[in-house]
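Engineer: This is my_file35.cif (mmCIF, C-alpha atoms and all ligand atoms).
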```cif
data_target
loop_
_atom_site.group_PDB
_atom_site.id
_atom_site.type_symbol
_atom_site.label_atom_id
_atom_site.label_comp_id
_atom_site.auth_asym_id
_atom_site.auth_seq_id
_atom_site.Cartn_x
_atom_site.Cartn_y
_atom_site.Cartn_z
ATOM 1 C CA MET D 19 105.204 90.572 81.400
ATOM 2 C CA LYS D 20 102.918 93.298 82.732
ATOM 3 C CA LEU D 21 103.250 94.190 86.386
ATOM 4 C CA LEU D 22 101.003 96.421 88.376
ATOM 5 C CA PRO D 23 102.614 99.738 89.354
ATOM 6 C CA GLY D 24 102.771 98.669 92.989
ATOM 7 C CA ILE D 25 104.590 95.447 92.150
ATOM 8 C CA ALA D 26 106.893 96.662 89.382
ATOM 9 C CA PRO D 27 110.493 97.154 90.494
ATOM 10 C CA LYS D 28 110.506 100.881 89.661
ATOM 11 C CA ASN D 29 107.871 103.403 88.606
ATOM 12 C CA PHE D 30 109.969 104.833 85.798
ATOM 13 C CA ILE D 31 112.721 104.041 83.436
ATOM 14 C CA ILE D 32 114.381 106.952 81.687
ATOM 15 C CA ILE D 33 115.788 106.260 78.260
ATOM 16 C CA PRO D 34 117.998 109.054 76.946
ATOM 17 C CA ILE D 35 118.225 109.418 73.183
ATOM 18 C CA PHE D 36 121.432 111.087 72.098
ATOM 19 C CA ASN D 37 124.130 111.180 69.468
ATOM 20 C CA ARG D 38 127.830 111.888 69.716
ATOM 21 C CA LYS D 39 127.254 115.636 69.558
ATOM 22 C CA ASN D 40 124.610 116.069 72.235
ATOM 23 C CA ARG D 41 125.582 113.108 74.416
ATOM 24 C CA ASN D 42 126.791 115.073 77.430
ATOM 25 C CA ALA D 43 123.921 117.519 77.431
ATOM 26 C CA ILE D 44 121.248 114.832 77.100
ATOM 27 C CA LEU D 45 122.792 112.545 79.720
ATOM 28 C CA SER D 46 123.098 115.315 82.240
ATOM 29 C CA TYR D 47 119.539 116.421 81.493
ATOM 30 C CA ALA D 48 118.356 112.814 81.959
ATOM 31 C CA ARG D 49 120.032 112.762 85.372
ATOM 32 C CA LYS D 50 118.308 115.985 86.230
ATOM 33 C CA VAL D 51 114.920 114.462 85.320
ATOM 34 C CA GLN D 52 115.740 111.404 87.424
ATOM 35 C CA LYS D 53 116.638 113.559 90.409
ATOM 36 C CA HIS D 54 113.577 115.724 89.983
ATOM 37 C CA LEU D 55 111.203 112.743 89.978
ATOM 38 C CA SER D 56 113.031 111.068 92.852
ATOM 39 C CA THR D 57 112.392 114.091 95.055
ATOM 40 C CA PHE D 58 108.673 113.363 94.609
ATOM 41 C CA GLY D 59 109.215 109.886 96.005
ATOM 42 C CA PHE D 60 109.005 107.985 92.715
ATOM 43 C CA THR D 61 111.470 105.235 91.988
ATOM 44 C CA VAL D 62 113.341 106.060 88.820
ATOM 45 C CA GLU D 63 115.949 104.120 86.922
ATOM 46 C CA LEU D 64 118.121 105.725 84.288
ATOM 47 C CA ASP D 65 119.255 103.477 81.487
ATOM 48 C CA ASP D 66 122.436 105.300 80.520
ATOM 49 C CA ASN D 67 124.154 102.309 79.015
ATOM 50 C CA GLU D 68 125.817 103.658 75.889
ATOM 51 C CA ILE D 69 126.212 100.425 73.988
ATOM 52 C CA THR D 70 122.575 99.325 73.809
ATOM 53 C CA ARG D 71 120.445 101.040 71.180
ATOM 54 C CA PRO D 72 117.271 102.875 72.312
ATOM 55 C CA GLY D 73 115.067 100.330 70.475
ATOM 56 C CA ASN D 74 116.526 97.508 72.542
ATOM 57 C CA LYS D 75 116.130 99.560 75.679
ATOM 58 C CA PHE D 76 112.437 100.084 74.907
ATOM 59 C CA TYR D 77 112.058 96.359 74.484
ATOM 60 C CA ARG D 78 113.852 95.700 77.752
ATOM 61 C CA SER D 79 111.722 98.261 79.600
ATOM 62 C CA GLU D 80 108.606 96.452 78.397
ATOM 63 C CA ARG D 81 109.908 93.055 79.401
ATOM 64 C CA PHE D 82 110.703 94.281 82.872
ATOM 65 C CA GLY D 83 107.300 95.850 83.297
ATOM 66 C CA TYR D 84 108.064 99.462 84.115
ATOM 67 C CA PRO D 85 104.654 101.173 84.181
ATOM 68 C CA LEU D 86 106.024 104.401 82.734
ATOM 69 C CA ARG D 87 108.857 105.008 80.339
ATOM 70 C CA ILE D 88 110.420 108.422 79.897
ATOM 71 C CA GLU D 89 112.204 109.434 76.754
ATOM 72 C CA VAL D 90 114.494 112.424 76.769
ATOM 73 C CA GLY D 91 116.198 113.590 73.610
ATOM 74 C CA GLN D 92 117.148 116.846 71.986
ATOM 75 C CA ARG D 93 113.642 118.301 71.913
ATOM 76 C CA GLU D 94 112.901 117.448 75.535
ATOM 77 C CA TYR D 95 116.252 118.857 76.590
ATOM 78 C CA GLN D 96 115.629 122.136 74.768
ATOM 79 C CA ASN D 97 112.119 122.594 76.101
ATOM 80 C CA LYS D 98 112.821 121.262 79.591
ATOM 81 C CA GLU D 99 110.323 118.484 78.961
ATOM 82 C CA MET D 100 110.007 114.738 79.216
ATOM 83 C CA THR D 101 107.952 112.379 77.103
ATOM 84 C CA ILE D 102 106.174 109.796 79.209
ATOM 85 C CA ILE D 103 104.883 106.612 77.601
ATOM 86 C CA ARG D 104 102.262 104.547 79.380
ATOM 87 C CA ARG D 105 103.120 100.896 79.508
ATOM 88 C CA ASP D 106 99.511 99.744 79.178
ATOM 89 C CA THR D 107 98.154 101.947 76.376
ATOM 90 C CA PHE D 108 101.390 103.250 74.789
ATOM 91 C CA GLN D 109 99.891 106.712 75.066
ATOM 92 C CA LYS D 110 102.518 109.457 74.867
ATOM 93 C CA LEU D 111 102.325 112.411 77.223
ATOM 94 C CA ILE D 112 104.589 115.398 77.329
ATOM 95 C CA PHE D 113 105.255 117.136 80.609
ATOM 96 C CA ASN D 114 107.357 120.119 81.354
ATOM 97 C CA LEU D 115 109.613 119.680 84.381
ATOM 98 C CA ASP D 116 108.042 122.799 85.867
ATOM 99 C CA THR D 117 104.484 121.585 85.343
ATOM 100 C CA LYS D 118 102.396 122.564 88.292
ATOM 101 C CA ASN D 119 101.136 119.543 90.235
ATOM 102 C CA LEU D 120 103.509 117.237 88.341
ATOM 103 C CA LYS D 121 103.635 114.841 91.259
ATOM 104 C CA ARG D 122 99.848 114.642 91.398
ATOM 105 C CA GLU D 123 99.568 114.169 87.627
ATOM 106 C CA ILE D 124 102.004 111.256 87.721
ATOM 107 C CA LYS D 125 100.322 109.664 90.702
ATOM 108 C CA LYS D 126 97.070 109.858 88.765
ATOM 109 C CA LEU D 127 98.703 108.123 85.805
ATOM 110 C CA LEU D 128 100.040 105.297 87.950
ATOM 111 C CA LYS D 129 96.605 104.858 89.461
ATOM 112 C CA GLN D 130 94.994 104.681 86.007
ATOM 113 C CA ILE D 131 97.504 102.063 84.870
ATOM 114 C CA ARG D 132 96.783 99.977 87.933
ATOM 115 C CA LYS D 133 93.077 100.230 87.228
ATOM 116 C CA THR D 134 93.310 99.170 83.544
ATOM 117 C CA GLN D 135 95.508 96.236 84.478
ATOM 118 C CA GLN D 136 93.168 95.121 87.230
ATOM 119 C CA ASP D 137 90.294 95.360 84.753
ATOM 120 C CA ILE D 138 92.178 93.126 82.313
ATOM 121 C CA VAL D 139 92.853 90.537 85.004
ATOM 122 C CA PHE D 140 89.233 90.644 86.131
ATOM 123 C CA LYS D 141 87.836 90.391 82.581
ATOM 124 C CA ASP D 142 90.113 87.440 81.884
ATOM 125 C CA PHE D 143 88.939 85.756 85.079
ATOM 126 C CA ILE D 144 85.280 86.223 84.099
ATOM 127 C CA GLU D 145 85.833 84.974 80.552
ATOM 128 C CA ARG D 146 87.595 81.861 81.716
ATOM 129 C CA GLN D 147 85.068 80.761 84.284
ATOM 130 C CA ILE D 148 82.498 78.027 83.873
ATOM 131 C CA ASP D 149 79.654 77.838 86.319
ATOM 132 C CA LEU D 150 78.993 74.350 87.676
ATOM 133 C CA THR D 151 77.092 75.493 90.735
ATOM 134 C CA CYS D 152 73.833 74.034 89.402
ATOM 135 C CA TYR D 153 75.191 70.527 89.997
ATOM 136 C CA LYS D 154 74.345 68.941 93.321
ATOM 137 C CA THR D 155 76.830 66.110 93.516
ATOM 138 C CA ILE D 156 80.421 65.541 92.545
ATOM 139 C CA THR D 157 79.375 62.766 90.152
ATOM 140 C CA GLU D 158 76.838 64.976 88.452
ATOM 141 C CA ALA D 159 79.352 67.781 88.047
ATOM 142 C CA PHE D 160 82.409 65.957 86.894
ATOM 143 C CA ASP D 161 81.583 62.498 85.562
ATOM 144 C CA HIS D 162 80.799 63.643 82.052
ATOM 145 C CA LEU D 163 82.957 66.706 81.880
ATOM 146 C CA LEU D 164 86.428 66.939 80.469
ATOM 147 C CA LEU D 165 88.066 69.736 82.440
ATOM 148 C CA GLU D 166 90.108 72.228 80.457
ATOM 149 C CA THR D 167 93.302 73.386 82.142
ATOM 150 C CA ASP D 168 92.927 77.063 81.237
ATOM 151 C CA ARG D 169 89.420 77.315 82.657
ATOM 152 C CA ILE D 170 88.196 78.272 86.100
ATOM 153 C CA TYR D 171 85.252 76.285 87.455
ATOM 154 C CA LEU D 172 82.751 77.496 89.986
ATOM 155 C CA ILE D 173 81.394 74.838 92.303
ATOM 156 C CA ASN D 174 79.689 74.687 95.681
ATOM 157 C CA TRP D 175 81.891 73.732 98.593
ATOM 158 C CA CYS D 176 81.466 73.775 102.373
ATOM 159 C CA GLY D 177 85.042 74.844 103.129
ATOM 160 C CA ARG D 178 86.097 71.603 104.824
ATOM 161 C CA LYS D 179 89.401 70.019 103.959
ATOM 162 C CA VAL D 180 87.971 66.530 103.663
ATOM 163 C CA CYS D 181 85.558 67.658 100.944
ATOM 164 C CA ALA D 182 88.255 69.647 99.152
ATOM 165 C CA GLU D 183 90.408 66.532 99.002
ATOM 166 C CA LYS D 184 87.595 64.556 97.392
ATOM 167 C CA ILE D 185 86.983 67.249 94.781
ATOM 168 C CA GLU D 186 90.670 67.671 94.095
ATOM 169 C CA SER D 187 91.404 63.988 93.700
ATOM 170 C CA LYS D 188 88.409 63.600 91.403
ATOM 171 C CA THR D 189 89.342 66.530 89.165
ATOM 172 C CA ASN D 190 93.081 66.912 89.572
ATOM 173 C CA PHE D 191 92.391 70.640 90.012
ATOM 174 C CA SER D 192 92.839 72.722 93.167
ATOM 175 C CA LEU D 193 90.249 74.519 95.219
ATOM 176 C CA LEU D 194 91.353 78.116 95.531
ATOM 177 C CA GLY D 195 88.694 79.133 98.024
ATOM 178 C CA TYR D 196 85.429 80.985 98.158
ATOM 179 C CA ASP D 197 84.406 83.457 95.565
ATOM 180 C CA HIS D 198 84.022 86.430 97.931
ATOM 181 C CA GLU D 199 81.729 88.321 95.574
ATOM 182 C CA SER D 200 79.015 85.763 96.126
ATOM 183 C CA LYS D 201 79.767 84.734 99.681
ATOM 184 C CA THR D 202 76.424 85.956 100.935
ATOM 185 C CA ILE D 203 74.597 83.313 98.896
ATOM 186 C CA GLN D 204 74.302 79.997 100.696
ATOM 187 C CA ARG D 205 74.903 76.876 98.628
ATOM 188 C CA LEU D 206 75.120 73.188 99.395
ATOM 189 C CA CYS D 207 78.480 71.447 99.153
ATOM 190 C CA ILE D 208 78.648 69.009 96.222
ATOM 191 C CA VAL D 209 80.376 66.450 98.435
ATOM 192 C CA CYS D 210 78.672 66.488 101.845
ATOM 193 C CA GLN D 211 75.530 68.562 101.067
ATOM 194 C CA SER D 212 76.090 70.808 104.067
ATOM 195 C CA LYS D 213 76.062 74.592 103.867
ATOM 196 C CA GLY D 214 78.733 76.181 101.712
ATOM 197 C CA HIS D 215 79.515 78.845 99.156
ATOM 198 C CA GLN D 216 80.331 79.225 95.525
ATOM 199 C CA SER D 217 84.044 78.390 95.269
ATOM 200 C CA VAL D 218 86.764 78.524 92.681
ATOM 201 C CA LEU D 219 88.359 75.418 91.259
ATOM 202 C CA ALA D 220 91.331 75.852 88.944
ATOM 203 C CA LYS D 221 94.482 74.170 87.755
ATOM 204 C CA ARG D 222 97.383 75.120 89.959
ATOM 205 C CA TYR D 223 100.744 75.316 88.280
HETATM 206 ZN ZN ZN C 301 81.444 69.498 102.143
#
```
Output the file's structure as structure tokens, nothing else.

Structural biologist:
Amino acid sequence: MKLLPGIAPKNFIIIPIFNRKNRNAILSYARKVQKHLSTFGFTVELDDNEITRPGNKFYRSERFGYPLRIEVGQREYQNKEMTIIRRDTFQKLIFNLDTKNLKREIKKLLKQIRKTQQDIVFKDFIERQIDLTCYKTITEAFDHLLLETDRIYLINWCGRKVCAEKIESKTNFSLLGYDHESKTIQRLCIVCQSKGHQSVLAKRY
């Protein structure tokens, strides 16, 4: 599950990596990192559960969709650093706690993650769509077409409920509304032939 930074429960999850010898030092350093980032207004969770192995914690952090994961171990502790891993690209970045403009750098990262994820969603939407706006009637559009559930179909619709119901009962798909990108282009509804717009028809789950 990938969540956008704005939707994810927390911005960060800190995963401390320690052994019996350096346990106390690393855990207290991890808390320091958590506190430091919290003062900037970021939401930070510290996974200090001592039973779960780091590998399983990484897996959990991915499942829960934290945009950024922080690893702190011996090296980070010694150098007053943190290793940040981007959820979307798995790129590793090392920051010193005293880095100038740290808050701004992190905000920039979160913004970039949001952007790549929006691009993925948009690309997927484009790849899945099939344009049926050349068809003038509901019969023409759907009589010889077997609709695929994972596709998105573009059709012309006037926006009226009565027409939506006809299209939906014919296709067993749902009208999700106008495609706002192309709202300026006038089209004729495939049911009533009155003025409408390119609209999105998709399977609703
Ligand atoms: Zn209509």

Engineer: What's the 6 Å shell around Glu99 in chain D, counting only C-alpha atoms, without same-chain residues fewer than 6 positions away, as a ChimeraX atom specification?

Structural biologist: /D:113-115

Engineer: Enumerate as a PyMOL selection string the residues within 6 Å of ligand ZN 301 (chain C), counting all atoms listed in the file.

Structural biologist: chain D and resi 175-176+178+181+207+209-210+212

Engineer: So which residues get picked by the PyMOL selection byres (((chain D and resi 32) around 12) and not hetatm) here, written as a PyMOL selection string?

Structural biologist: chain D and resi 28-31+33-35+44-45+47-53+55-56+61-67+72+75-76+78-79+84-91+100-103

Engineer: Would you kindly return, as a PyMOL selection string, each protein, DNA or RNA residue with an atom no farther than 12 Å from any atom of Leu163 in chain D, considering all atoms listed in the file and excluding same-chain residues fewer than 4 positions away?

Structural biologist: chain D and resi 148+150+153+156-159+171+188-189

Engineer: Report as a PyMOL selection string the full result of the PyMOL selection byres (((chain D and resi 167-169) around 12) and not hetatm) when it is applied to this structure.

Structural biologist: chain D and resi 142-150+164-166+170-172+189-192+218-223

Engineer: How would you write as an mmCIF file with C-alpha atoms, keeping the file's coordinate frame the residues that get within 12 Å of (80.0, 74.4, 101.0) in the file's frame, counting all atoms listed in the file?

Structural biologist:
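Okay, this is what ended up in part34.cif:
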```cif
data_model
loop_
_atom_site.group_PDB
_atom_site.id
_atom_site.type_symbol
_atom_site.label_atom_id
_atom_site.label_comp_id
_atom_site.auth_asym_id
_atom_site.auth_seq_id
_atom_site.Cartn_x
_atom_site.Cartn_y
_atom_site.Cartn_z
ATOM 1 C CA THR D 151 77.092 75.493 90.735
ATOM 2 C CA LYS D 154 74.345 68.941 93.321
ATOM 3 C CA THR D 155 76.830 66.110 93.516
ATOM 4 C CA LEU D 172 82.751 77.496 89.986
ATOM 5 C CA ILE D 173 81.394 74.838 92.303
ATOM 6 C CA ASN D 174 79.689 74.687 95.681
ATOM 7 C CA TRP D 175 81.891 73.732 98.593
ATOM 8 C CA CYS D 176 81.466 73.775 102.373
ATOM 9 C CA GLY D 177 85.042 74.844 103.129
ATOM 10 C CA ARG D 178 86.097 71.603 104.824
ATOM 11 C CA LYS D 179 89.401 70.019 103.959
ATOM 12 C CA VAL D 180 87.971 66.530 103.663
ATOM 13 C CA CYS D 181 85.558 67.658 100.944
ATOM 14 C CA ALA D 182 88.255 69.647 99.152
ATOM 15 C CA ILE D 185 86.983 67.249 94.781
ATOM 16 C CA LEU D 193 90.249 74.519 95.219
ATOM 17 C CA GLY D 195 88.694 79.133 98.024
ATOM 18 C CA TYR D 196 85.429 80.985 98.158
ATOM 19 C CA ASP D 197 84.406 83.457 95.565
ATOM 20 C CA LYS D 201 79.767 84.734 99.681
ATOM 21 C CA ILE D 203 74.597 83.313 98.896
ATOM 22 C CA GLN D 204 74.302 79.997 100.696
ATOM 23 C CA ARG D 205 74.903 76.876 98.628
ATOM 24 C CA LEU D 206 75.120 73.188 99.395
ATOM 25 C CA CYS D 207 78.480 71.447 99.153
ATOM 26 C CA ILE D 208 78.648 69.009 96.222
ATOM 27 C CA VAL D 209 80.376 66.450 98.435
ATOM 28 C CA CYS D 210 78.672 66.488 101.845
ATOM 29 C CA GLN D 211 75.530 68.562 101.067
ATOM 30 C CA SER D 212 76.090 70.808 104.067
ATOM 31 C CA LYS D 213 76.062 74.592 103.867
ATOM 32 C CA GLY D 214 78.733 76.181 101.712
ATOM 33 C CA HIS D 215 79.515 78.845 99.156
ATOM 34 C CA GLN D 216 80.331 79.225 95.525
ATOM 35 C CA SER D 217 84.044 78.390 95.269
ATOM 36 C CA VAL D 218 86.764 78.524 92.681
#
```

Engineer: At what distance in Å, to one decimal, does CA of Gln92 in chain D lie from CA of Arg38 in chain D?

Structural biologist: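 These atoms are spaced 12.0 Å apart.
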
Engineer: Please expand the PyMOL selection byres (((chain D and resi 127-130) around 9) and not hetatm) into the concrete residues it hits in this file, giving the result as a ChimeraX atom specification.

Structural biologist: /D:22-24,29,85-86,104,122-126,131-135

Engineer: Distance CA of Gln136 in chain D-CA of Gly83 in chain D, one decimal place?

Structural biologist: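 If I compute the distance from CA of Gln136 in chain D to CA of Gly83 in chain D, I get 14.7 Å.
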
Engineer: In Å to one decimal, how far is CA of Phe60 in chain D from CA of Asn97 in chain D?

Structural biologist: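 These two atoms are separated by 22.3 Å.
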
Engineer: Which centre and which edge lengths, in Å to one decimal, describe the axis-aligned box that holds all listed atoms of range 148-156 of chain D after 8 Å is added on each side, as AutoDock Vina command-line options?

Structural biologist:
```
--center_x 78.2 --center_y 71.8 --center_z 88.7 --size_x 24.7 --size_y 28.5 --size_z 25.6
```
